[in-house]
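Down below is the structure, laid out as structure tokens.
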Amino acid sequence: MIKAVAATRECKDLDKSAADLTDAAGQRNGLVSRLAQTPVDKLPNSGDLTAQLTTAWKSSASADSHYAAWAHQAGDKKVCVKGHARPTKDSVAGDRDSAAATDAKKRAADLWNPIARKYGLTTHDWTQL
């Protein structure tokens with residue numbers, strides 16, 4: 001999604017960026033649904049881990065949706081000026097939600113990795129969540 005947001009900032013490939021961001025939002029919402037159906041109650045700190053992952057993916061989905069809207073808006077010459085997309089309410093909201101997602105992903109990775117090491121499972125950097 002980083003490439004799609006960067007392309008939007010540069011007023012390039014706006015339709016593809018919007019479509020990619022919309023698809024990503026749907027995938028992240030799907031992760032939230034799958035997590036809700038996954039039994040994790042036996043894991044240490046399962047409530048905190050689930051809450052952080054849910055917040056991370058919902059915030060990411062929201063950011064992706066806002067950035068997709070911004071990509072659509074960037075097709076307007078008032079938004080895209082000299083090859084750079086001006087901020088809109090959607091880009092600002094996307095930045096806010098992306099920051100919230102990053103914080104939650106970092107907390108989730110900090111909760112998950114000790115569990116993974118203890119049970120021989122795959123650890124994850126927050127950027128993989």
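We label chains A, B, ... in the order they appear in the structure tokens, count residues from 1 in each chain, and number ligands from 1 in the order shown.
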Problem - Close residues, A:Leu14 itself excluded, 8 Å, only C-alpha atoms, min 5 positions apart in chain, as a PyMOL selection string - result: chain A and resi 7-8+71-72+74-75
Would you mind exporting the chosen residues as a PDB file, in the first residue's frame, restricted to N, CA, C and O atoms?
ATOM      1  N   ALA A   7       2.237   6.800  -5.085  1.00  0.00           N
ATOM      2  CA  ALA A   7       1.782   7.147  -6.436  1.00  0.00           C
ATOM      3  C   ALA A   7       0.707   8.227  -6.371  1.00  0.00           C
ATOM      4  O   ALA A   7       0.699   9.151  -7.193  1.00  0.00           O
ATOM      5  N   THR A   8      -0.181   8.118  -5.402  1.00  0.00           N
ATOM      6  CA  THR A   8      -1.226   9.132  -5.244  1.00  0.00           C
ATOM      7  C   THR A   8      -0.599  10.486  -4.923  1.00  0.00           C
ATOM      8  O   THR A   8      -0.979  11.508  -5.491  1.00  0.00           O
ATOM      9  N   ALA A  71      -7.152   9.171  -3.607  1.00  0.00           N
ATOM     10  CA  ALA A  71      -6.700   8.879  -4.968  1.00  0.00           C
ATOM     11  C   ALA A  71      -7.774   9.282  -5.975  1.00  0.00           C
ATOM     12  O   ALA A  71      -7.456   9.847  -7.039  1.00  0.00           O
ATOM     13  N   HIS A  72      -9.033   9.029  -5.650  1.00  0.00           N
ATOM     14  CA  HIS A  72     -10.128   9.462  -6.534  1.00  0.00           C
ATOM     15  C   HIS A  72     -10.168  10.986  -6.607  1.00  0.00           C
ATOM     16  O   HIS A  72     -10.340  11.557  -7.683  1.00  0.00           O
ATOM     17  N   ALA A  74      -7.746  13.003  -6.250  1.00  0.00           N
ATOM     18  CA  ALA A  74      -6.548  13.521  -6.905  1.00  0.00           C
ATOM     19  C   ALA A  74      -6.720  13.641  -8.421  1.00  0.00           C
ATOM     20  O   ALA A  74      -5.924  14.306  -9.083  1.00  0.00           O
ATOM     21  N   GLY A  75      -7.758  13.038  -8.952  1.00  0.00           N
ATOM     22  CA  GLY A  75      -8.060  13.212 -10.364  1.00  0.00           C
ATOM     23  C   GLY A  75      -8.533  14.618 -10.689  1.00  0.00           C
ATOM     24  O   GLY A  75      -8.540  15.027 -11.849  1.00  0.00           O
TER      25      GLY A  75
END
Exercise for the section: Please give the complete set of residues from chain A that DSSP, run on the backbone, assigns to helix (DSSP H, G or I), formatted as JSON, numbers by chain. Expected result: {"A": [2, 3, 4, 5, 6, 7, 8, 9, 14, 15, 16, 17, 18, 19, 20, 21, 22, 23, 24, 25, 26, 27, 28, 29, 30, 31, 32, 33, 34, 35, 36, 46, 47, 48, 49, 50, 51, 52, 53, 54, 55, 56, 57, 58, 59, 60, 61, 62, 63, 64, 65, 66, 67, 68, 69, 70, 71, 72, 73, 89, 90, 91, 92, 93, 94, 95, 96, 97, 98, 99, 100, 101, 102, 103, 104, 105, 106, 107, 108, 109, 110, 111, 112, 113, 114, 115, 116, 117, 118, 119, 126, 127, 128]}
Practice task
Using only C-alpha atoms, find the one residue out of A:Lys3, A:Lys118, A:His66, A:Lys77 that sits nearest to A:Gly94.
Solution key: A:His66
Shell around stretch 113-115 of chain A at 10 Å using only C-alpha atoms, local window under 3 positions removed, as an mmCIF file with N, CA and C atoms, in the first residue's frame:
data_model
loop_
_atom_site.group_PDB
_atom_site.id
_atom_site.type_symbol
_atom_site.label_atom_id
_atom_site.label_comp_id
_atom_site.auth_asym_id
_atom_site.auth_seq_id
_atom_site.Cartn_x
_atom_site.Cartn_y
_atom_site.Cartn_z
ATOM 1 N N LEU A 43 -3.714 -18.666 24.789
ATOM 2 C CA LEU A 43 -2.455 -17.932 24.685
ATOM 3 C C LEU A 43 -2.325 -16.915 25.821
ATOM 4 N N PRO A 44 -1.113 -16.697 26.301
ATOM 5 C CA PRO A 44 -0.914 -15.640 27.296
ATOM 6 C C PRO A 44 -1.269 -14.286 26.677
ATOM 7 N N ASN A 45 -1.898 -13.444 27.450
ATOM 8 C CA ASN A 45 -2.273 -12.098 26.989
ATOM 9 C C ASN A 45 -3.132 -12.120 25.729
ATOM 10 N N ALA A 108 1.226 -5.365 19.055
ATOM 11 C CA ALA A 108 0.861 -6.758 18.760
ATOM 12 C C ALA A 108 2.109 -7.619 18.559
ATOM 13 N N ALA A 109 3.086 -7.105 17.829
ATOM 14 C CA ALA A 109 4.324 -7.859 17.617
ATOM 15 C C ALA A 109 5.045 -8.086 18.938
ATOM 16 N N ASP A 110 5.038 -7.071 19.797
ATOM 17 C CA ASP A 110 5.674 -7.221 21.117
ATOM 18 C C ASP A 110 4.976 -8.280 21.967
ATOM 19 N N LYS A 118 8.492 -19.050 22.500
ATOM 20 C CA LYS A 118 8.252 -20.082 23.500
ATOM 21 C C LYS A 118 7.756 -21.382 22.870
ATOM 22 N N TYR A 119 6.914 -21.262 21.848
ATOM 23 C CA TYR A 119 6.293 -22.446 21.255
ATOM 24 C C TYR A 119 6.876 -22.809 19.885
ATOM 25 N N GLY A 120 7.994 -22.197 19.503
ATOM 26 C CA GLY A 120 8.639 -22.523 18.234
ATOM 27 C C GLY A 120 7.845 -22.084 17.018
ATOM 28 N N LEU A 121 7.108 -21.006 17.139
ATOM 29 C CA LEU A 121 6.315 -20.477 16.026
ATOM 30 C C LEU A 121 7.068 -19.328 15.355
ATOM 31 N N THR A 122 6.567 -18.875 14.248
ATOM 32 C CA THR A 122 7.197 -17.797 13.504
ATOM 33 C C THR A 122 6.992 -16.462 14.212
ATOM 34 N N THR A 123 8.089 -15.754 14.425
ATOM 35 C CA THR A 123 7.983 -14.398 14.957
ATOM 36 C C THR A 123 7.712 -13.439 13.785
ATOM 37 N N HIS A 124 7.201 -12.263 14.124
ATOM 38 C CA HIS A 124 6.871 -11.281 13.080
ATOM 39 C C HIS A 124 7.309 -9.892 13.507
ATOM 40 N N ASP A 125 7.918 -9.195 12.568
ATOM 41 C CA ASP A 125 8.177 -7.784 12.741
ATOM 42 C C ASP A 125 6.846 -7.057 12.562
ATOM 43 N N TRP A 126 6.697 -5.930 13.210
ATOM 44 C CA TRP A 126 5.415 -5.218 13.129
ATOM 45 C C TRP A 126 5.050 -4.888 11.687
#
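Proximity ranking of A:Leu21, A:Ala116, A:Val5, A:Ala85 relative to A:Asp64 places A:Leu21 first, based on only C-alpha atoms.
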Handout entry: Distance criterion (only C-alpha atoms): nearest to A:Arg28 out of A:Pro87, A:Arg117, A:Ala69, A:Ala101
Key =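 Closest residue, counting only C-alpha atoms: A:Ala101.
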Exercise for the section: Considering only C-alpha atoms, state which residue in the set A:Leu35, A:Ala25, A:Ala4, A:Cys80 is at the smallest distance from A:Leu53. Expected result: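 Answer, going by the shortest atom-to-atom distance: A:Leu35.
The smallest atom-to-atom distance between A:Met1 and any of A:Ala100, A:Ala36, A:Ala56, A:Ala68, using only C-alpha atoms, is found for A:Ala68.
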Problem - DSSP strand (DSSP E) residues within chain A, as a PyMOL selection string - result: chain A and resi 80-81+84-85
Problem - Minimum-distance residue to A:Asn29, chosen among A:Ser59, A:Thr127, A:Gln73, A:Ser98 (using only C-alpha atoms) - result: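 Of all the options, A:Ser59 lies closest to A:Asn29.
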Exercise for the section: Enter the distance from atom CA of A:Arg9 to atom CA of A:Gly26, in Å, rounded to one decimal. Expected result: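 Straight-line distance from atom CA of A:Arg9 to atom CA of A:Gly26 works out to 22.0 Å.
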Exercise for the section: Calculate how many Å separate atom CA of A:Arg34 from atom CA of A:Thr54, rounding to one decimal. Expected result: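 Straight-line distance from atom CA of A:Arg34 to atom CA of A:Thr54 works out to 10.3 Å.
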Handout entry: A:Leu111 environment, 10 Å, only C-alpha atoms, sequence neighbours closer than 5 positions dropped, as a list of chain:residue names
Key =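 Neighbouring residues, sequence-local ones excluded: A:Pro44, A:Asn45, A:Ser46, A:Asp48, A:Leu49, A:Thr50, A:Gln52, A:Lys105, A:Lys106, A:Ala116.
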Handout entry: A:Ala93 environment, 8 Å, only C-alpha atoms, sequence neighbours closer than 3 positions dropped, as JSON, numbers by chain
Key = {"A": [63, 66, 89, 90, 96, 97]}
